[in-house]
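Asks: Here you go, this is coords-v5.cif (mmCIF, C-alpha atoms).
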```
data_data
loop_
_atom_site.label_atom_id
_atom_site.label_comp_id
_atom_site.auth_asym_id
_atom_site.auth_seq_id
_atom_site.Cartn_x
_atom_site.Cartn_y
_atom_site.Cartn_z
CA MET A 23 -47.52 -9.86 -35.42
CA SER A 24 -47.22 -7.30 -38.25
CA ARG A 25 -43.85 -6.63 -39.89
CA ARG A 26 -43.83 -3.10 -38.44
CA THR A 27 -44.49 -4.38 -34.87
CA PHE A 28 -41.75 -6.99 -35.24
CA ILE A 29 -39.17 -4.37 -36.29
CA VAL A 30 -40.11 -2.03 -33.42
CA ARG A 31 -39.93 -4.76 -30.80
CA SER A 32 -36.61 -6.07 -32.18
CA THR A 33 -35.13 -2.57 -32.06
CA ILE A 34 -36.22 -2.12 -28.44
CA ALA A 35 -34.81 -5.51 -27.44
CA THR A 36 -31.47 -4.73 -29.11
CA SER A 37 -31.27 -1.34 -27.36
CA VAL A 38 -32.01 -2.90 -23.98
CA CYS A 39 -29.37 -5.55 -24.57
CA LEU A 40 -26.73 -2.97 -25.53
CA SER A 41 -27.67 -0.76 -22.60
CA THR A 42 -27.43 -3.67 -20.16
CA THR A 43 -24.09 -4.78 -21.57
CA GLY A 44 -22.72 -1.25 -21.26
CA SER A 45 -23.88 -1.04 -17.64
CA GLN A 46 -22.26 -4.35 -16.81
CA ASN A 47 -18.97 -3.27 -18.36
CA HIS A 48 -19.07 -0.01 -16.44
CA ALA A 49 -19.81 -1.85 -13.20
CA HIS A 50 -16.65 -3.88 -13.60
CA ALA A 51 -14.45 -0.92 -14.52
CA GLY A 52 -13.80 1.21 -11.47
CA GLU A 53 -12.24 4.64 -11.35
CA PHE A 54 -8.86 3.16 -10.42
CA THR A 55 -8.99 0.01 -12.55
CA ASP A 56 -5.65 -0.22 -14.40
CA ARG A 57 -4.29 2.61 -12.23
CA ILE A 58 -3.81 0.79 -8.94
CA LYS A 59 -2.21 -2.63 -8.50
CA LYS A 60 -3.50 -4.60 -5.53
CA ALA A 61 -1.24 -6.51 -3.12
CA VAL A 62 -0.93 -7.91 0.40
CA LYS A 63 1.96 -8.39 2.80
CA PHE A 64 3.23 -11.94 2.36
CA HIS A 65 3.04 -12.72 6.08
CA MET A 66 -0.73 -12.17 5.88
CA VAL A 67 -1.09 -15.46 3.99
CA THR A 68 -1.51 -17.94 6.83
CA GLU A 69 -2.55 -21.12 5.03
CA LYS A 70 0.05 -23.85 5.53
CA LEU A 71 1.21 -24.15 1.93
CA PRO A 72 4.53 -24.12 0.11
CA THR A 73 5.61 -20.62 -0.87
CA HIS A 74 4.82 -21.05 -4.57
CA ASP A 75 1.30 -22.26 -3.70
CA LYS A 76 0.77 -19.17 -1.55
CA PHE A 77 1.74 -17.07 -4.55
CA ARG A 78 -0.72 -18.99 -6.75
CA LEU A 79 -3.43 -18.51 -4.12
CA LEU A 80 -2.95 -14.74 -4.27
CA MET A 81 -3.07 -14.82 -8.06
CA ASP A 82 -6.30 -16.86 -7.97
CA LEU A 83 -7.84 -14.22 -5.70
CA GLY A 84 -7.00 -11.39 -8.08
CA PHE A 85 -3.99 -9.86 -6.36
CA ASP A 86 -1.35 -8.35 -8.63
CA GLY A 87 1.64 -8.77 -6.33
CA VAL A 88 3.00 -9.15 -2.82
CA GLU A 89 5.37 -7.41 -0.43
CA VAL A 90 7.84 -9.33 1.75
CA ARG A 91 9.78 -8.58 4.91
CA SER A 92 13.51 -8.01 4.66
CA MET A 93 15.66 -11.02 5.56
CA LEU A 94 19.18 -9.74 5.93
CA ASP A 95 21.10 -12.56 7.59
CA ASN A 96 22.19 -16.00 6.39
CA THR A 97 19.51 -17.83 8.38
CA HIS A 98 16.90 -16.79 5.80
CA ALA A 99 18.71 -18.09 2.70
CA ASP A 100 16.22 -20.92 2.15
CA GLU A 101 13.23 -18.58 2.49
CA LEU A 102 14.69 -16.19 -0.07
CA ARG A 103 15.33 -19.07 -2.48
CA ASP A 104 11.72 -20.20 -2.05
CA ILE A 105 10.44 -16.70 -2.78
CA SER A 106 12.65 -16.32 -5.85
CA SER A 107 11.46 -19.70 -7.10
CA ALA A 108 7.82 -18.76 -6.48
CA ILE A 109 8.22 -15.56 -8.50
CA GLU A 110 9.69 -17.55 -11.38
CA LYS A 111 7.05 -20.32 -11.25
CA THR A 112 3.98 -18.10 -10.91
CA GLY A 113 4.93 -14.76 -12.42
CA LEU A 114 3.50 -12.97 -9.37
CA PRO A 115 5.91 -10.12 -8.57
CA VAL A 116 7.34 -9.04 -5.24
CA HIS A 117 6.89 -5.29 -5.58
CA GLY A 118 8.62 -4.23 -2.35
CA VAL A 119 10.62 -5.16 0.73
CA ILE A 120 9.54 -4.11 4.23
CA ASN A 121 12.59 -3.07 6.23
CA SER A 122 10.76 -1.22 9.03
CA ASP A 123 13.31 0.80 11.05
CA ASN A 124 16.29 -1.46 10.37
CA PRO A 125 19.16 0.93 9.58
CA ASP A 126 20.70 -1.56 7.12
CA LEU A 127 19.19 0.06 4.06
CA ILE A 128 22.01 -1.13 1.81
CA GLY A 129 21.20 -4.76 2.58
CA ALA A 130 17.48 -4.21 2.11
CA ILE A 131 18.07 -2.48 -1.23
CA ASP A 132 20.18 -5.42 -2.42
CA GLN A 133 17.49 -7.89 -1.36
CA ALA A 134 14.84 -5.85 -3.17
CA LYS A 135 16.97 -5.76 -6.31
CA ALA A 136 17.55 -9.52 -6.17
CA LEU A 137 13.79 -10.14 -5.95
CA GLY A 138 12.91 -7.68 -8.69
CA ALA A 139 11.22 -5.29 -6.24
CA THR A 140 11.18 -1.54 -6.78
CA SER A 141 11.17 -0.25 -3.20
CA VAL A 142 12.26 -0.61 0.39
CA LEU A 143 9.72 0.49 3.01
CA HIS A 144 11.55 2.47 5.68
CA VAL A 145 10.26 3.68 9.04
CA VAL A 146 12.11 6.67 10.46
CA ARG A 147 13.31 5.84 13.99
CA TYR A 148 12.26 8.00 16.90
CA ASP A 149 14.51 7.73 19.95
CA THR A 150 12.99 9.45 23.00
CA LYS A 151 16.41 9.48 24.69
CA MET A 152 17.74 11.87 22.06
CA ARG A 153 16.96 15.51 21.46
CA TYR A 154 14.42 15.98 18.70
CA LEU A 155 16.66 17.83 16.24
CA GLU A 156 19.53 15.42 16.84
CA ASN A 157 17.22 12.52 16.03
CA TYR A 158 15.95 14.38 12.98
CA ARG A 159 19.45 14.89 11.59
CA GLU A 160 20.64 11.37 12.38
CA THR A 161 17.67 9.67 10.76
CA GLN A 162 18.12 11.76 7.64
CA GLU A 163 21.81 10.86 7.56
CA THR A 164 20.99 7.15 7.79
CA ILE A 165 18.93 7.53 4.64
CA ARG A 166 21.48 9.73 2.86
CA THR A 167 24.20 7.09 3.28
CA ALA A 168 22.06 4.72 1.18
CA VAL A 169 20.89 7.16 -1.49
CA GLU A 170 23.76 6.58 -3.92
CA HIS A 171 23.24 2.81 -3.69
CA ALA A 172 19.48 3.22 -4.18
CA GLU A 173 20.10 5.31 -7.29
CA LYS A 174 22.55 2.75 -8.64
CA GLN A 175 20.17 -0.16 -8.06
CA GLN A 176 17.07 1.84 -9.03
CA VAL A 177 15.30 0.83 -5.82
CA SER A 178 13.39 3.57 -4.01
CA ILE A 179 13.56 4.20 -0.26
CA LEU A 180 9.97 4.96 0.70
CA ILE A 181 9.28 6.46 4.12
CA GLU A 182 6.13 5.24 5.86
CA ASN A 183 4.09 7.35 8.28
CA VAL A 184 3.59 5.36 11.51
CA TRP A 185 2.55 5.78 15.13
CA ALA A 186 5.98 6.84 16.35
CA SER A 187 4.86 10.30 17.51
CA TYR A 188 7.30 11.61 14.93
CA LEU A 189 6.59 13.19 11.53
CA ILE A 190 2.89 12.86 12.30
CA GLU A 191 1.61 15.64 10.07
CA PRO A 192 2.09 16.02 6.32
CA LEU A 193 4.12 19.23 6.13
CA SER A 194 6.79 17.75 8.42
CA MET A 195 6.94 14.56 6.36
CA ALA A 196 7.17 16.52 3.12
CA ARG A 197 9.98 18.68 4.51
CA PHE A 198 11.89 15.65 5.81
CA ILE A 199 11.76 14.02 2.37
CA ASP A 200 12.57 17.18 0.41
CA GLU A 201 15.63 17.97 2.52
CA ILE A 202 17.19 14.63 1.54
CA ASN A 203 16.80 15.82 -2.04
CA SER A 204 16.78 12.57 -4.00
CA PRO A 205 14.14 11.25 -6.41
CA MET A 206 14.78 7.81 -4.88
CA VAL A 207 13.56 8.92 -1.43
CA GLN A 208 9.81 9.42 -1.36
CA SER A 209 6.67 8.51 0.60
CA TYR A 210 5.05 5.16 1.34
CA PHE A 211 1.70 6.59 2.42
CA ASP A 212 -0.32 4.57 4.94
CA ILE A 213 -3.94 5.69 4.61
CA GLY A 214 -5.16 4.32 7.94
CA ASN A 215 -2.23 5.34 10.13
CA VAL A 216 -2.93 9.06 9.90
CA VAL A 217 -6.52 9.02 11.16
CA ARG A 218 -5.41 9.18 14.78
CA TRP A 219 -4.08 12.71 14.13
CA GLY A 220 -5.63 13.88 10.86
CA TRP A 221 -7.26 12.91 7.58
CA PRO A 222 -5.68 10.97 4.72
CA GLN A 223 -7.10 13.23 2.01
CA HIS A 224 -5.21 16.16 3.57
CA TRP A 225 -1.96 14.18 3.58
CA ILE A 226 -2.43 13.25 -0.07
CA GLU A 227 -3.00 16.91 -0.96
CA VAL A 228 0.28 17.93 0.74
CA LEU A 229 2.51 14.97 -0.18
CA GLY A 230 1.24 14.86 -3.75
CA SER A 231 3.60 13.20 -6.20
CA ARG A 232 5.96 12.20 -3.38
CA ILE A 233 3.52 9.32 -2.74
CA LYS A 234 4.85 6.33 -4.65
CA LYS A 235 3.06 3.46 -2.88
CA LEU A 236 0.08 3.05 -0.54
CA ASP A 237 -0.64 0.93 2.53
CA VAL A 238 -4.36 0.34 2.89
CA LYS A 239 -6.32 -0.22 6.09
CA GLU A 240 -9.35 1.20 7.90
CA TYR A 241 -9.54 3.13 11.17
CA ASP A 242 -12.58 3.90 13.31
CA LEU A 243 -12.26 6.79 15.75
CA LYS A 244 -15.40 5.86 17.70
CA VAL A 245 -14.08 2.36 18.36
CA ALA A 246 -10.66 3.76 19.26
CA MET A 247 -12.03 6.27 21.75
CA SER A 248 -14.34 3.79 23.43
CA THR A 249 -12.29 0.57 23.55
CA GLY A 250 -8.65 1.52 22.91
CA MET A 251 -6.58 3.24 20.21
CA ARG A 252 -5.26 0.03 18.62
CA ASN A 253 -8.79 -1.34 18.31
CA GLY A 254 -9.58 1.40 15.81
CA PHE A 255 -7.96 -0.75 13.14
CA ASP A 256 -10.26 -3.72 13.81
CA VAL A 257 -13.00 -2.76 11.39
CA PRO A 258 -13.52 -3.75 7.75
CA MET A 259 -12.29 -1.34 5.10
CA GLY A 260 -15.09 1.02 4.23
CA GLU A 261 -16.85 0.77 7.61
CA GLY A 262 -14.77 3.16 9.73
CA SER A 263 -13.95 6.86 9.85
CA ILE A 264 -12.03 7.16 6.58
CA GLU A 265 -13.85 9.12 3.89
CA TRP A 266 -12.80 6.92 1.00
CA ASP A 267 -14.54 9.03 -1.63
CA LYS A 268 -12.36 11.99 -0.62
CA VAL A 269 -9.25 9.77 -0.58
CA ARG A 270 -9.99 8.65 -4.13
CA GLU A 271 -10.66 12.22 -5.21
CA GLU A 272 -7.25 13.37 -3.97
CA LEU A 273 -5.50 10.32 -5.46
CA MET A 274 -7.06 11.16 -8.80
CA LYS A 275 -5.92 14.78 -8.53
CA ILE A 276 -2.28 13.68 -8.14
CA ASP A 277 -2.78 11.10 -10.92
CA TYR A 278 -1.74 8.26 -8.60
CA ARG A 279 -0.73 5.10 -10.42
CA GLY A 280 0.99 2.35 -8.46
CA TRP A 281 0.74 -0.26 -5.75
CA ALA A 282 -1.78 -0.41 -2.92
CA THR A 283 -0.96 -3.05 -0.31
CA ALA A 284 -3.34 -4.19 2.40
CA GLU A 285 -1.86 -4.15 5.90
CA VAL A 286 -4.55 -5.80 8.01
CA ARG A 287 -5.18 -9.08 9.82
CA GLY A 288 -4.46 -11.87 7.37
CA GLY A 289 -5.80 -15.40 7.20
CA ASP A 290 -6.82 -18.24 4.92
CA ARG A 291 -8.25 -18.13 1.39
CA LYS A 292 -11.66 -16.92 2.57
CA ARG A 293 -10.18 -14.09 4.63
CA LEU A 294 -7.84 -13.01 1.84
CA ALA A 295 -10.72 -12.99 -0.63
CA GLU A 296 -12.62 -10.77 1.80
CA ILE A 297 -9.66 -8.37 1.96
CA GLY A 298 -9.50 -8.24 -1.83
CA GLU A 299 -13.21 -7.44 -2.09
CA GLN A 300 -12.90 -4.68 0.49
CA MET A 301 -9.99 -3.14 -1.40
CA ASN A 302 -11.99 -3.26 -4.62
CA ARG A 303 -14.79 -1.32 -2.94
CA VAL A 304 -12.83 1.40 -1.14
CA LEU A 305 -10.39 1.99 -3.99
CA ASP A 306 -13.00 1.53 -6.74
CA LEU A 307 -11.01 -1.10 -8.60
#
```
Go through the file and emit its structure as structure tokens.

Replies:
Amino acid sequence: MSRRTFIVRSTIATSVCLSTTGSQNHAHAGEFTDRIKKAVKFHMVTEKLPTHDKFRLLMDLGFDGVEVRSMLDNTHADELRDISSAIEKTGLPVHGVINSDNPDLIGAIDQAKALGATSVLHVVRYDTKMRYLENYRETQETIRTAVEHAEKQQVSILIENVWASYLIEPLSMARFIDEINSPMVQSYFDIGNVVRWGWPQHWIEVLGSRIKKLDVKEYDLKVAMSTGMRNGFDVPMGEGSIEWDKVREELMKIDYRGWATAEVRGGDRKRLAEIGEQMNRVLDL
């Protein structure tokens, strides 16, 4: 081999190596890497392990945090101690507390504060025995009574869109939030829940910066229409009716940075790893 041939071939080999390395790095850096933190609901971890080992399991699988249900009476004292200990031992944070439609927002805020969480997930109650506007005003008032405490503790009250046949389109949800008029009351946007009535990318466009956290799941309209509405959720993320590319596009437009928590059927290590991989794909993590 001549000296000239050696130099040419070495240069080509180096270029190929650099090009390959760059491609590999790009493949591992998604559009929302370092923008979105990935979590699951704690009750989704079904392996029979001590709490701190469940936290370690989630860390091993690449999750950044976890969300727990509110436990507002004395019967749950041991569970709360276990969770606090697990946070301390593992460093895995509890980012939020799920309070559903429990009106005790003060208690949920205090629990969130004690665990180092930044939010309480709140579902607005819909009582079919009441007149619509009466229900609207009462549910807003329930939230308003906790706003001062939320501001003091710096824990947000985030309203989730659910299948309650109430606040089921984005302009109504935006108005409901804006009328409360507090930076501590915002949206916990569930991507999959809206597909029964609309499209998540449209909700993101309307709610915009009100969206502080995301629940992540799939929904398939064909399955729902043929076998039952609830069955629409029983498909892997990325294989249903949600146009995830459009969801990501709208999230990028509002410069979303925060938590995305899976709310799907849980399971053991293998199942949780599967959930994590699906989230990586649909959110481009």

Asks: Taking the file above as input, evaluate the PyMOL selection byres ((chain A and resi 214) around 12) and report the hits as a ChimeraX atom specification.

Replies: /A:182-185,211-213,215-223,225,236-243,252,254-260,262-266,269,283-286

Asks: Work out how far apart atom CA of Tyr188 of chain A and atom CA of Leu94 of chain A are and give it in Å to one decimal.

Replies: 26.0 Å

Asks: So, counting all atoms listed in the file, which residue among A:Glu271, A:Glu170, A:Lys70, A:Gly289 is closest to Val304 of chain A?

Replies: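 For Val304 of chain A, the nearest of the candidates is A:Glu271.
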
Asks: Residues of segment 242-299 of chain A within 9 Å of segment 50-63 of chain A: nearest atom pair and distance (Å, one decimal) for each, counting only C-alpha atoms, sorted by chain and number, as CSV?

Replies:
```
residue,atom,partner,partner_atom,distance
A:Arg270,CA,A:Phe54,CA,8.4
A:Met274,CA,A:Phe54,CA,8.4
A:Asp277,CA,A:Arg57,CA,8.7
A:Tyr278,CA,A:Arg57,CA,7.2
A:Arg279,CA,A:Arg57,CA,4.7
A:Gly280,CA,A:Ile58,CA,5.1
A:Trp281,CA,A:Lys59,CA,4.7
A:Ala282,CA,A:Lys60,CA,5.2
A:Thr283,CA,A:Ala61,CA,4.5
A:Ala284,CA,A:Val62,CA,4.9
A:Glu285,CA,A:Lys63,CA,6.5
A:Val286,CA,A:Val62,CA,8.7
A:Gly288,CA,A:Lys63,CA,8.6
A:Leu294,CA,A:Val62,CA,8.7
A:Ile297,CA,A:Val62,CA,8.9
A:Gly298,CA,A:Lys60,CA,7.9
```

Asks: Do you know which residues are at most 12 Å from Leu189 of chain A counting all atoms listed in the file, after dropping those on the same chain fewer than 3 positions away, and could you put them as a PyMOL selection string?

Replies: chain A and resi 145-148+154+157-158+161+181-186+192-199+209+215-216+219+225

Asks: When you count all atoms listed in the file, which of these residues is closest to Asn96 of chain A: A:Gly129, A:Val177, A:Ile276, A:Arg78?

Replies: A:Gly129

Asks: Would you kindly return, as a count of residues only, each protein, DNA or RNA residue with an atom no farther than 9 Å from any atom of Arg232 of chain A, considering only C-alpha atoms and excluding same-chain residues fewer than 2 positions away?

Replies: 10

Asks: Report, in Å to a single decimal, how far apart atom CA of Glu173 of chain A and atom CA of Glu156 of chain A are.

Replies: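 Result for atom CA of Glu156 of chain A versus atom CA of Glu173 of chain A: 26.2 Å, one decimal.
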
Asks: Mind giving me the axis-aligned box for segment 299-303 of chain A with 3 Å on every side, centre plus edges in Å to one decimal, as JSON?

Replies:
```
{"center_x": -12.4, "center_y": -4.4, "center_z": -2.1, "size_x": 10.8, "size_y": 12.1, "size_z": 11.1}
```

Asks: Rounded to one decimal place, report the atom CA of Glu261 of chain A-atom CA of Thr249 of chain A distance in Å.

Replies: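 Computing the Euclidean distance for atom CA of Glu261 of chain A and atom CA of Thr249 of chain A yields 16.6 Å.
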
Asks: Under the PyMOL selection byres ((chain A and resi 131) around 9), which residues of this model are included? Write them out as JSON, numbers by chain.

Replies: {"A": [119, 126, 127, 128, 129, 130, 132, 133, 134, 135, 136, 139, 140, 141, 142, 168, 171, 172, 175, 176, 177, 178, 179]}

Asks: What would the list of residues within 9 Å of (9.3, -10.9, 6.7) (file frame) look like as a PyMOL selection string, if all atoms listed in the file are what count?

Replies: chain A and resi 63-65+89-93+119-121

Asks: Calculated over all atoms listed in the file, which of the candidates A:Leu143, A:Ile202, A:Val67, A:Ile190 has the smallest distance to Arg159 of chain A?

Replies: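 Looking only at the distances to Arg159 of chain A, the closest residue turns out to be A:Ile202.
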
Asks: What's around His74 of chain A at 12 Å? Count all atoms listed in the file, leave out sequence neighbours fewer than 6 positions away in its own chain, and write the answer as a list in words.

Replies: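 Here the answer would be Phe64, Val67, Leu80, Met81, Glu101, Leu102, Arg103, Asp104, Ile105, Ser106, Ser107, Ala108, Ile109, Glu110, Lys111, Thr112, Gly113, Leu114 and Pro115 of chain A.
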